[in-house]
Amino acid sequence: MGMQRNVRNLSRWITSVVLAINLFTIILAGAGSAVYGKTFPSVSPAVVKTGEASEDGDKTLSPYFFVKSDDAATDQLPLKATSVVANIAGVIADVRVTQVYRNEGQRTLEAIYVFPASTKAAVYGLKMTIGERTITAAIKKRDEARVAYAQAKQEGRTASLLEQQRPNVFQMNVANILPGDEIKTELQYTELITPTAGVYEFVYPTVVGPRYSNQPASTAPATEKWSRNPTLHQGELPPYTFDMTARLIPGVPIQEITCPSHKVDIRYQERSRATVKLGAAEKSGGNRDFILRYRLSGQLIESGLLLYQGEEENFFLLSVQPPKRVIQNQIPPREYLFIVDVSGSMHGFPLDISKRLMRDLLANLRSSDTFNVLLFSGGSTLLAPQSLPVTSENIRHAVEVIERQQGGGGTELLPALKRALALPRTERAARTVVIATDGYVTVEPEAFALIRKELGNANFFAFGIGSSVNRFLIEGMARAGSGEPFVITKPDQAQVMAERFREYIQSPLLTQIKLDFGAFEVYDVEPTGVPDVFAERPVTVFGKWRGKATGKITLRGLAGDRSTTTTIDVAGAEPIADNAALLYLWARTRIAQLGDDNRLQADDRRIVEITELALKYNLLTAYTSFVAVDTEVRRTDGEISTVTQPLPLPEGVSDYAVGNVAAVAPRMLSAPASPVVEAMKSGAAEAQSALDKTDGKTPAAKGEKLRENHGEGGPDYRLTIGRLTVTGGLSEQSVREIVQQNLETLRNRCLAFFAAGNPGELLAEWVVDAAGNVKEVKITSPLTSLDGLELCLRTLIQTWRFPASTEARESSVSVSFHLDPAGPADQ
């Protein structure tokens, strides 16, 4: 019993020291605590918020956990309900979203709520209702709208402001909600519903997942501060109700309706009309995307043309169904780069889906292919310096590395993309880049620009993993990389999506597409060029037309190695008033293209054009906002309290997405500093000296006694060298000898940190200067307790000395270490 108690005490001591070292590395970073890429303030144990600042640090834009105060006079949860009505007629959905704000406190409120929408949404209207009065919002330039809102707030008039933070992330501000008030805001948007393989899908995102950001708040523009949002803990249901009604009027008989995300009640008015209502038990279902799918009888998707004739302009939508897939006999070899997100937000359910997906993708590569895997969170780990041939041993090793991932850390997407796209290419092989992530970042524009600039002759396929992914990032990366997006919300979808991906890669439906409009006089056509078609999805083109609607439209392309032609008779389409949404959809498509072009090469003239388009067509954009202001002055005295509505975590997302040390922060903050921690302030040499002098009082020295304290038969670990690569002036043999000489010391000194995590593989990378000194040490690992381990390994490796280079050149070293429980023979 005494031995077991000692072991438990030792385990707790090791954990507290690891956490203390975690905290110390954060303090050195100068921005509060930055454990696992998130920031935690030096505050009392009662309140631990990611994104707050320490007294001498700086705030970041990361989210933080919501802590309800004891102030009963302020209603901290003013959003009471969200209800959605979607009318889907033909291929166009018109959506109305109503948010209900009620002040059940005693102080006047300003409520701020960040919420998502479809990436294809063209938001064209906003109304605000106060009692019996309804105010229609005006579209204004973003700065002008904010000034009008601020003035109304100060004057005591109720006002609402709708801003776009991303094409799929909006922010609603409602000012001067008096005690007892109920205020409703109603926004309207339209979007195009395009079928894939005969299946139509309407998606309504319900929650914005926590976005990782390392950007200091003090230097961030106001347009980026939305991501610093309060967040509920995992498992906590939304504090507001959610309701959804979808009315389907496709114009032809409906064969099947399904809703894989929620329980719904489906009622048919007739074969070609149906109403879908959210089930009574789903009132708290606002923590995952609402997904509605339906098929039409016959499963035939016909090509066609929609026309709208306005007073000043006419608009069209061309939809051309591609030919059947042609299986190619000769498929060229491909190089696959798999980029896998293993950050904190992927912990648990999302990472389990990624593992299943990667097992399937890797297991079905062809022997003529090559591949590589890059894992990323706060840093990144590469499976190999260059792509590997597809052998059973290489696939087994890749799967083992991926399976060991637990999920933790920030989401440094851009460095991971840069590293992957800079890898040397496999000769005579087409490159395909595949990324699996939930997309919880704020660097979407930078990622799109990077992919378009660096990808070259390759395709980029993005897999969104989770119940409420950032579809703007997933779809945008695929579009920038001329590929295809996928979204996997459940584990059983992984195999289906993997098979669909292989089908797309091996046999694109249509390539080298050319459009000829003949006598049909068109202009302002979007997109200007039609990309290759991978999915069984119609080619869609928007534009304007003038004159008579006559002539023929011809689409030509290659299906496999055969030419194909499709012709549409323009005279067969009648302009009708019900197609008025085409003007919003065209403008939204044009604005999106201008935004893409501007990210690639900034030009203020494009911003002016986007703004003018938005004002002309009454659309919400990054540069225009809706503002509604009441004419009555309703608050004549007293202060106004600003509250930001906390967001639930998407279903299946853990607290690791916001920060995984909140629960143990009190122990972290109170843990005594060890001599090694103090020595870290002075550098590697002082730290090494401290390690030598502590005589069993440091975590590293405790590791030396770990086996003894565990008793006979207790755990032991064996550290071995895996892959070792050297570039530069040193030889691989000389580096291997030095590493081997120091291997036992490395194991003994850092054993406590190894034991705190899960045995597995880690990668150490460093640079050796011409004199043989080590610098720029980087450690990446799937171990869950990486921070203390990284500190220990980096400290020791920095003390190593290598032979001076005879060529006066630096050398780059990469070593993978394997840590495994030692069997009886090894002990």
# chains A, B, ... in the order shown; residues from 1 in each chain; ligands from 1

$ residues_around --residues "Lys120 (chain A)" --least-positions-apart "6" --cutoff "8 Å" --atoms "only C-alpha atoms" --output "short mmCIF file (atom, residue, chain, number, x, y, z; two decimals) with N, CA, C and O atoms, in the first residue's frame"
data_model
loop_
_atom_site.label_atom_id
_atom_site.label_comp_id
_atom_site.auth_asym_id
_atom_site.auth_seq_id
_atom_site.Cartn_x
_atom_site.Cartn_y
_atom_site.Cartn_z
N PRO A 167 -17.09 35.69 -45.33
CA PRO A 167 -18.27 35.39 -46.15
C PRO A 167 -19.26 34.44 -45.49
O PRO A 167 -20.43 34.41 -45.87
N ASN A 168 -18.81 33.67 -44.49
CA ASN A 168 -19.71 32.77 -43.78
C ASN A 168 -19.80 33.08 -42.28
O ASN A 168 -20.31 32.26 -41.51
N GLU A 191 -29.44 31.68 -51.89
CA GLU A 191 -28.29 30.91 -52.36
C GLU A 191 -28.74 29.89 -53.39
O GLU A 191 -29.92 29.52 -53.46
N LEU A 192 -27.77 29.45 -54.19
CA LEU A 192 -28.02 28.46 -55.23
C LEU A 192 -27.82 27.07 -54.65
O LEU A 192 -26.82 26.81 -53.97
N ARG A 588 -23.19 38.42 -55.96
CA ARG A 588 -22.43 37.70 -54.92
C ARG A 588 -21.27 36.93 -55.55
O ARG A 588 -20.16 36.92 -55.01
#

$ select_by_dssp --residues "region 125-248 of chain A" --states "alpha helix (DSSP H)" --output "NGL selection string"
:A and (142-155)

$ write_last_selection --atoms "N, CA and C atoms" --output "short mmCIF file (atom, residue, chain, number, x, y, z; two decimals), in the first residue's frame"
data_model
loop_
_atom_site.label_atom_id
_atom_site.label_comp_id
_atom_site.auth_asym_id
_atom_site.auth_seq_id
_atom_site.Cartn_x
_atom_site.Cartn_y
_atom_site.Cartn_z
N ARG A 142 -19.25 50.23 -44.70
CA ARG A 142 -19.05 49.66 -43.37
C ARG A 142 -18.79 50.73 -42.31
N ASP A 143 -17.89 51.65 -42.58
CA ASP A 143 -17.56 52.68 -41.61
C ASP A 143 -18.75 53.60 -41.34
N GLU A 144 -19.49 53.94 -42.39
CA GLU A 144 -20.64 54.81 -42.23
C GLU A 144 -21.73 54.12 -41.40
N ALA A 145 -21.93 52.84 -41.62
CA ALA A 145 -22.93 52.10 -40.85
C ALA A 145 -22.56 52.05 -39.38
N ARG A 146 -21.27 51.85 -39.11
CA ARG A 146 -20.83 51.78 -37.71
C ARG A 146 -20.98 53.13 -37.01
N VAL A 147 -20.72 54.21 -37.74
CA VAL A 147 -20.89 55.55 -37.16
C VAL A 147 -22.36 55.80 -36.83
N ALA A 148 -23.26 55.43 -37.75
CA ALA A 148 -24.69 55.62 -37.52
C ALA A 148 -25.17 54.80 -36.32
N TYR A 149 -24.64 53.59 -36.21
CA TYR A 149 -25.01 52.72 -35.08
C TYR A 149 -24.50 53.30 -33.76
N ALA A 150 -23.24 53.71 -33.75
CA ALA A 150 -22.65 54.26 -32.52
C ALA A 150 -23.39 55.52 -32.05
N GLN A 151 -23.78 56.34 -33.01
CA GLN A 151 -24.50 57.57 -32.66
C GLN A 151 -25.87 57.24 -32.06
N ALA A 152 -26.57 56.27 -32.66
CA ALA A 152 -27.87 55.87 -32.13
C ALA A 152 -27.72 55.26 -30.74
N LYS A 153 -26.69 54.45 -30.55
CA LYS A 153 -26.44 53.86 -29.23
C LYS A 153 -26.24 54.94 -28.19
N GLN A 154 -25.44 55.94 -28.51
CA GLN A 154 -25.15 57.02 -27.57
C GLN A 154 -26.40 57.86 -27.28
N GLU A 155 -27.24 58.06 -28.28
CA GLU A 155 -28.42 58.90 -28.12
C GLU A 155 -29.58 58.18 -27.43
#

$ select_by_dssp --residues "region 441-662 of chain A" --states "strand (DSSP E)" --output "PDB file with N, CA and C atoms, in the first residue's frame"
ATOM      1  N   ALA A 458      -0.955  21.382 -59.839  1.00  0.00           N
ATOM      2  CA  ALA A 458      -1.439  20.363 -58.912  1.00  0.00           C
ATOM      3  C   ALA A 458      -2.872  20.693 -58.539  1.00  0.00           C
ATOM      4  N   ASN A 459      -3.527  19.754 -57.901  1.00  0.00           N
ATOM      5  CA  ASN A 459      -4.872  19.969 -57.389  1.00  0.00           C
ATOM      6  C   ASN A 459      -4.858  19.894 -55.871  1.00  0.00           C
ATOM      7  N   PHE A 460      -5.773  20.621 -55.249  1.00  0.00           N
ATOM      8  CA  PHE A 460      -5.840  20.697 -53.791  1.00  0.00           C
ATOM      9  C   PHE A 460      -7.235  20.250 -53.370  1.00  0.00           C
ATOM     10  N   PHE A 461      -7.302  19.183 -52.574  1.00  0.00           N
ATOM     11  CA  PHE A 461      -8.574  18.648 -52.100  1.00  0.00           C
ATOM     12  C   PHE A 461      -8.641  18.825 -50.582  1.00  0.00           C
ATOM     13  N   ALA A 462      -9.745  19.408 -50.121  1.00  0.00           N
ATOM     14  CA  ALA A 462      -9.867  19.730 -48.698  1.00  0.00           C
ATOM     15  C   ALA A 462     -10.999  18.920 -48.074  1.00  0.00           C
ATOM     16  N   PHE A 463     -10.682  18.258 -46.956  1.00  0.00           N
ATOM     17  CA  PHE A 463     -11.674  17.509 -46.196  1.00  0.00           C
ATOM     18  C   PHE A 463     -11.983  18.279 -44.913  1.00  0.00           C
ATOM     19  N   GLY A 464     -13.223  18.724 -44.760  1.00  0.00           N
ATOM     20  CA  GLY A 464     -13.658  19.350 -43.517  1.00  0.00           C
ATOM     21  C   GLY A 464     -14.140  18.278 -42.559  1.00  0.00           C
ATOM     22  N   ILE A 465     -13.583  18.254 -41.361  1.00  0.00           N
ATOM     23  CA  ILE A 465     -13.870  17.185 -40.394  1.00  0.00           C
ATOM     24  C   ILE A 465     -14.607  17.760 -39.197  1.00  0.00           C
ATOM     25  N   PRO A 485     -13.948  20.191 -52.533  1.00  0.00           N
ATOM     26  CA  PRO A 485     -14.090  20.092 -51.081  1.00  0.00           C
ATOM     27  C   PRO A 485     -14.965  18.906 -50.679  1.00  0.00           C
ATOM     28  N   PHE A 486     -14.706  18.383 -49.473  1.00  0.00           N
ATOM     29  CA  PHE A 486     -15.530  17.336 -48.881  1.00  0.00           C
ATOM     30  C   PHE A 486     -15.791  17.733 -47.426  1.00  0.00           C
ATOM     31  N   VAL A 487     -16.949  17.371 -46.900  1.00  0.00           N
ATOM     32  CA  VAL A 487     -17.237  17.594 -45.479  1.00  0.00           C
ATOM     33  C   VAL A 487     -17.713  16.281 -44.887  1.00  0.00           C
ATOM     34  N   ILE A 488     -17.030  15.853 -43.820  1.00  0.00           N
ATOM     35  CA  ILE A 488     -17.370  14.601 -43.142  1.00  0.00           C
ATOM     36  C   ILE A 488     -17.835  14.943 -41.733  1.00  0.00           C
ATOM     37  N   THR A 511     -12.819  18.130 -68.611  1.00  0.00           N
ATOM     38  CA  THR A 511     -11.649  18.999 -68.575  1.00  0.00           C
ATOM     39  C   THR A 511     -11.604  19.843 -69.852  1.00  0.00           C
ATOM     40  N   GLN A 512     -10.734  20.883 -69.826  1.00  0.00           N
ATOM     41  CA  GLN A 512     -10.538  21.771 -70.973  1.00  0.00           C
ATOM     42  C   GLN A 512     -11.879  22.311 -71.490  1.00  0.00           C
ATOM     43  N   ILE A 513     -12.637  22.889 -70.570  1.00  0.00           N
ATOM     44  CA  ILE A 513     -14.000  23.329 -70.875  1.00  0.00           C
ATOM     45  C   ILE A 513     -13.988  24.692 -71.578  1.00  0.00           C
ATOM     46  N   LYS A 514     -14.766  24.805 -72.655  1.00  0.00           N
ATOM     47  CA  LYS A 514     -14.920  26.057 -73.383  1.00  0.00           C
ATOM     48  C   LYS A 514     -16.409  26.327 -73.595  1.00  0.00           C
ATOM     49  N   LEU A 515     -16.812  27.610 -73.424  1.00  0.00           N
ATOM     50  CA  LEU A 515     -18.197  28.020 -73.611  1.00  0.00           C
ATOM     51  C   LEU A 515     -18.306  28.968 -74.804  1.00  0.00           C
ATOM     52  N   ASP A 516     -19.311  28.739 -75.642  1.00  0.00           N
ATOM     53  CA  ASP A 516     -19.584  29.619 -76.777  1.00  0.00           C
ATOM     54  C   ASP A 516     -21.057  30.033 -76.694  1.00  0.00           C
ATOM     55  N   VAL A 522     -24.051  38.247 -74.306  1.00  0.00           N
ATOM     56  CA  VAL A 522     -23.833  38.210 -72.861  1.00  0.00           C
ATOM     57  C   VAL A 522     -22.630  39.078 -72.486  1.00  0.00           C
ATOM     58  N   TYR A 523     -22.575  39.473 -71.217  1.00  0.00           N
ATOM     59  CA  TYR A 523     -21.425  40.207 -70.692  1.00  0.00           C
ATOM     60  C   TYR A 523     -21.377  40.008 -69.179  1.00  0.00           C
ATOM     61  N   ASP A 524     -20.265  40.422 -68.565  1.00  0.00           N
ATOM     62  CA  ASP A 524     -20.048  40.255 -67.119  1.00  0.00           C
ATOM     63  C   ASP A 524     -20.315  38.815 -66.688  1.00  0.00           C
ATOM     64  N   VAL A 525     -19.724  37.872 -67.408  1.00  0.00           N
ATOM     65  CA  VAL A 525     -19.929  36.445 -67.125  1.00  0.00           C
ATOM     66  C   VAL A 525     -19.025  36.016 -65.968  1.00  0.00           C
ATOM     67  N   GLU A 526     -19.603  35.250 -65.016  1.00  0.00           N
ATOM     68  CA  GLU A 526     -18.853  34.715 -63.880  1.00  0.00           C
ATOM     69  C   GLU A 526     -19.115  33.220 -63.737  1.00  0.00           C
ATOM     70  N   VAL A 539     -22.117  22.296 -64.395  1.00  0.00           N
ATOM     71  CA  VAL A 539     -21.331  23.514 -64.602  1.00  0.00           C
ATOM     72  C   VAL A 539     -22.304  24.688 -64.499  1.00  0.00           C
ATOM     73  N   THR A 540     -22.029  25.634 -63.594  1.00  0.00           N
ATOM     74  CA  THR A 540     -22.940  26.775 -63.420  1.00  0.00           C
ATOM     75  C   THR A 540     -22.217  28.069 -63.761  1.00  0.00           C
ATOM     76  N   VAL A 541     -22.874  28.897 -64.551  1.00  0.00           N
ATOM     77  CA  VAL A 541     -22.306  30.165 -64.992  1.00  0.00           C
ATOM     78  C   VAL A 541     -23.385  31.247 -64.863  1.00  0.00           C
ATOM     79  N   PHE A 542     -23.024  32.352 -64.211  1.00  0.00           N
ATOM     80  CA  PHE A 542     -23.917  33.513 -64.104  1.00  0.00           C
ATOM     81  C   PHE A 542     -23.464  34.596 -65.091  1.00  0.00           C
ATOM     82  N   GLY A 543     -24.387  35.488 -65.423  1.00  0.00           N
ATOM     83  CA  GLY A 543     -24.003  36.618 -66.259  1.00  0.00           C
ATOM     84  C   GLY A 543     -25.182  37.526 -66.556  1.00  0.00           C
ATOM     85  N   LYS A 544     -24.898  38.532 -67.340  1.00  0.00           N
ATOM     86  CA  LYS A 544     -25.928  39.462 -67.804  1.00  0.00           C
ATOM     87  C   LYS A 544     -26.108  39.291 -69.313  1.00  0.00           C
ATOM     88  N   TRP A 545     -27.290  39.666 -69.793  1.00  0.00           N
ATOM     89  CA  TRP A 545     -27.553  39.592 -71.229  1.00  0.00           C
ATOM     90  C   TRP A 545     -28.340  40.827 -71.670  1.00  0.00           C
ATOM     91  N   LYS A 552     -28.001  29.901 -79.527  1.00  0.00           N
ATOM     92  CA  LYS A 552     -27.664  28.643 -78.858  1.00  0.00           C
ATOM     93  C   LYS A 552     -26.355  28.813 -78.078  1.00  0.00           C
ATOM     94  N   ILE A 553     -26.310  28.146 -76.923  1.00  0.00           N
ATOM     95  CA  ILE A 553     -25.102  28.127 -76.089  1.00  0.00           C
ATOM     96  C   ILE A 553     -24.474  26.748 -76.220  1.00  0.00           C
ATOM     97  N   THR A 554     -23.169  26.711 -76.487  1.00  0.00           N
ATOM     98  CA  THR A 554     -22.477  25.432 -76.681  1.00  0.00           C
ATOM     99  C   THR A 554     -21.348  25.297 -75.666  1.00  0.00           C
ATOM    100  N   LEU A 555     -21.331  24.159 -74.984  1.00  0.00           N
ATOM    101  CA  LEU A 555     -20.240  23.832 -74.059  1.00  0.00           C
ATOM    102  C   LEU A 555     -19.461  22.652 -74.635  1.00  0.00           C
ATOM    103  N   ARG A 556     -18.148  22.818 -74.755  1.00  0.00           N
ATOM    104  CA  ARG A 556     -17.282  21.752 -75.259  1.00  0.00           C
ATOM    105  C   ARG A 556     -16.236  21.410 -74.208  1.00  0.00           C
ATOM    106  N   GLY A 557     -15.811  20.165 -74.210  1.00  0.00           N
ATOM    107  CA  GLY A 557     -14.788  19.739 -73.269  1.00  0.00           C
ATOM    108  C   GLY A 557     -14.348  18.324 -73.564  1.00  0.00           C
ATOM    109  N   LEU A 558     -13.461  17.804 -72.713  1.00  0.00           N
ATOM    110  CA  LEU A 558     -12.972  16.436 -72.829  1.00  0.00           C
ATOM    111  C   LEU A 558     -13.506  15.600 -71.676  1.00  0.00           C
ATOM    112  N   ALA A 559     -14.136  14.472 -72.017  1.00  0.00           N
ATOM    113  CA  ALA A 559     -14.563  13.487 -71.026  1.00  0.00           C
ATOM    114  C   ALA A 559     -13.650  12.282 -71.200  1.00  0.00           C
ATOM    115  N   ARG A 562     -12.177  11.646 -74.814  1.00  0.00           N
ATOM    116  CA  ARG A 562     -13.152  11.894 -75.873  1.00  0.00           C
ATOM    117  C   ARG A 562     -13.686  13.320 -75.783  1.00  0.00           C
ATOM    118  N   SER A 563     -13.936  13.923 -76.931  1.00  0.00           N
ATOM    119  CA  SER A 563     -14.544  15.247 -76.965  1.00  0.00           C
ATOM    120  C   SER A 563     -16.045  15.118 -76.725  1.00  0.00           C
ATOM    121  N   THR A 564     -16.613  16.124 -76.058  1.00  0.00           N
ATOM    122  CA  THR A 564     -18.054  16.111 -75.796  1.00  0.00           C
ATOM    123  C   THR A 564     -18.611  17.510 -76.016  1.00  0.00           C
ATOM    124  N   THR A 565     -19.849  17.584 -76.462  1.00  0.00           N
ATOM    125  CA  THR A 565     -20.496  18.860 -76.751  1.00  0.00           C
ATOM    126  C   THR A 565     -21.927  18.846 -76.214  1.00  0.00           C
ATOM    127  N   THR A 566     -22.317  19.940 -75.551  1.00  0.00           N
ATOM    128  CA  THR A 566     -23.693  20.101 -75.076  1.00  0.00           C
ATOM    129  C   THR A 566     -24.218  21.436 -75.601  1.00  0.00           C
ATOM    130  N   THR A 567     -25.448  21.439 -76.104  1.00  0.00           N
ATOM    131  CA  THR A 567     -26.037  22.647 -76.685  1.00  0.00           C
ATOM    132  C   THR A 567     -27.342  22.994 -75.962  1.00  0.00           C
ATOM    133  N   ILE A 568     -27.524  24.265 -75.623  1.00  0.00           N
ATOM    134  CA  ILE A 568     -28.730  24.763 -74.971  1.00  0.00           C
ATOM    135  C   ILE A 568     -29.394  25.788 -75.898  1.00  0.00           C
ATOM    136  N   ASP A 569     -30.692  25.603 -76.133  1.00  0.00           N
ATOM    137  CA  ASP A 569     -31.441  26.535 -76.968  1.00  0.00           C
ATOM    138  C   ASP A 569     -31.944  27.678 -76.086  1.00  0.00           C
ATOM    139  N   THR A 624     -19.460  46.592 -46.750  1.00  0.00           N
ATOM    140  CA  THR A 624     -20.781  47.196 -46.585  1.00  0.00           C
ATOM    141  C   THR A 624     -21.528  46.474 -45.473  1.00  0.00           C
ATOM    142  N   SER A 625     -22.373  47.207 -44.756  1.00  0.00           N
ATOM    143  CA  SER A 625     -23.121  46.642 -43.627  1.00  0.00           C
ATOM    144  C   SER A 625     -24.547  47.160 -43.647  1.00  0.00           C
ATOM    145  N   PHE A 626     -25.430  46.411 -42.964  1.00  0.00           N
ATOM    146  CA  PHE A 626     -26.806  46.850 -42.775  1.00  0.00           C
ATOM    147  C   PHE A 626     -26.940  47.495 -41.400  1.00  0.00           C
ATOM    148  N   VAL A 627     -27.655  48.621 -41.340  1.00  0.00           N
ATOM    149  CA  VAL A 627     -27.892  49.284 -40.061  1.00  0.00           C
ATOM    150  C   VAL A 627     -29.355  49.730 -40.014  1.00  0.00           C
ATOM    151  N   ALA A 628     -30.003  49.416 -38.889  1.00  0.00           N
ATOM    152  CA  ALA A 628     -31.395  49.822 -38.664  1.00  0.00           C
ATOM    153  C   ALA A 628     -31.435  50.646 -37.388  1.00  0.00           C
ATOM    154  N   VAL A 629     -32.042  51.845 -37.444  1.00  0.00           N
ATOM    155  CA  VAL A 629     -32.061  52.765 -36.305  1.00  0.00           C
ATOM    156  C   VAL A 629     -33.499  53.196 -36.024  1.00  0.00           C
ATOM    157  N   ILE A 640     -25.238  51.823 -20.304  1.00  0.00           N
ATOM    158  CA  ILE A 640     -25.571  50.652 -21.112  1.00  0.00           C
ATOM    159  C   ILE A 640     -24.467  49.609 -20.927  1.00  0.00           C
ATOM    160  N   SER A 641     -24.856  48.363 -20.693  1.00  0.00           N
ATOM    161  CA  SER A 641     -23.897  47.273 -20.492  1.00  0.00           C
ATOM    162  C   SER A 641     -23.783  46.468 -21.780  1.00  0.00           C
ATOM    163  N   THR A 642     -22.548  46.269 -22.232  1.00  0.00           N
ATOM    164  CA  THR A 642     -22.309  45.486 -23.447  1.00  0.00           C
ATOM    165  C   THR A 642     -22.008  44.037 -23.067  1.00  0.00           C
ATOM    166  N   VAL A 643     -22.760  43.108 -23.630  1.00  0.00           N
ATOM    167  CA  VAL A 643     -22.546  41.685 -23.368  1.00  0.00           C
ATOM    168  C   VAL A 643     -22.367  40.973 -24.703  1.00  0.00           C
ATOM    169  N   THR A 644     -21.406  40.069 -24.746  1.00  0.00           N
ATOM    170  CA  THR A 644     -21.172  39.261 -25.942  1.00  0.00           C
ATOM    171  C   THR A 644     -21.763  37.879 -25.703  1.00  0.00           C
TER     172      THR A 644
END

$ residues_around --residues "region 434-439 of chain A" --least-positions-apart "3" --cutoff "9 Å" --atoms "only C-alpha atoms" --output "ChimeraX atom specification"
/A:209,211,336-343,345-346,350-351,354,357-358,411,413,442,444,459-474

$ residues_around --residues "Leu455 (chain A)" --least-positions-apart "4" --cutoff "9 Å" --atoms "only C-alpha atoms" --output "PyMOL selection string"
chain A and resi 421-422+433+450-451+459-460+481

$ residues_around --residues "region 157-159 of chain A" --least-positions-apart "5" --cutoff "10 Å" --atoms "only C-alpha atoms" --output "ChimeraX atom specification"
/A:110,128,130,135,137,148-152,173-178,183,627-636

$ write_last_selection --atoms "C-alpha atoms" --output "compact mmCIF listing (two decimals), in the first residue's frame"
# COMPACT_ATOMS: atom_id res chain seq x y z
CA GLU A 110 -26.01 46.13 -26.03
CA MET A 128 -35.63 45.02 -36.75
CA ILE A 130 -39.55 46.51 -31.50
CA ILE A 135 -37.53 49.21 -39.07
CA ALA A 137 -32.22 48.43 -42.39
CA ALA A 148 -24.69 55.62 -37.52
CA TYR A 149 -25.01 52.72 -35.08
CA ALA A 150 -22.65 54.26 -32.52
CA GLN A 151 -24.50 57.57 -32.66
CA ALA A 152 -27.87 55.87 -32.13
CA ASN A 173 -24.99 44.21 -32.64
CA VAL A 174 -28.23 45.34 -31.01
CA ALA A 175 -28.03 48.47 -28.83
CA ASN A 176 -30.39 49.85 -26.19
CA ILE A 177 -32.34 46.73 -25.30
CA LEU A 178 -34.27 48.04 -22.28
CA ILE A 183 -36.38 42.76 -30.01
CA VAL A 627 -27.89 49.28 -40.06
CA ALA A 628 -31.39 49.82 -38.66
CA VAL A 629 -32.06 52.76 -36.30
CA ASP A 630 -35.25 53.47 -34.37
CA THR A 631 -36.55 57.05 -34.54
CA GLU A 632 -37.58 57.06 -30.86
CA VAL A 633 -35.18 57.90 -28.02
CA ARG A 634 -35.85 55.05 -25.59
CA ARG A 635 -33.00 55.41 -23.06
CA THR A 636 -32.79 58.83 -21.44

$ closest_residue --among "A:Tyr124, A:Tyr240, A:Tyr294, A:Tyr113" --to "Ala614 (chain A)" --atoms "only C-alpha atoms"
A:Tyr124

$ closest_residue --among "A:Val276, A:Leu796, A:Leu619, A:Leu77" --to "Lys141 (chain A)" --atoms "only C-alpha atoms"
A:Leu619

$ closest_residue --among "A:Gly518, A:Gly729, A:Gly652, A:Gly595" --to "His347 (chain A)" --atoms "only C-alpha atoms"
A:Gly652
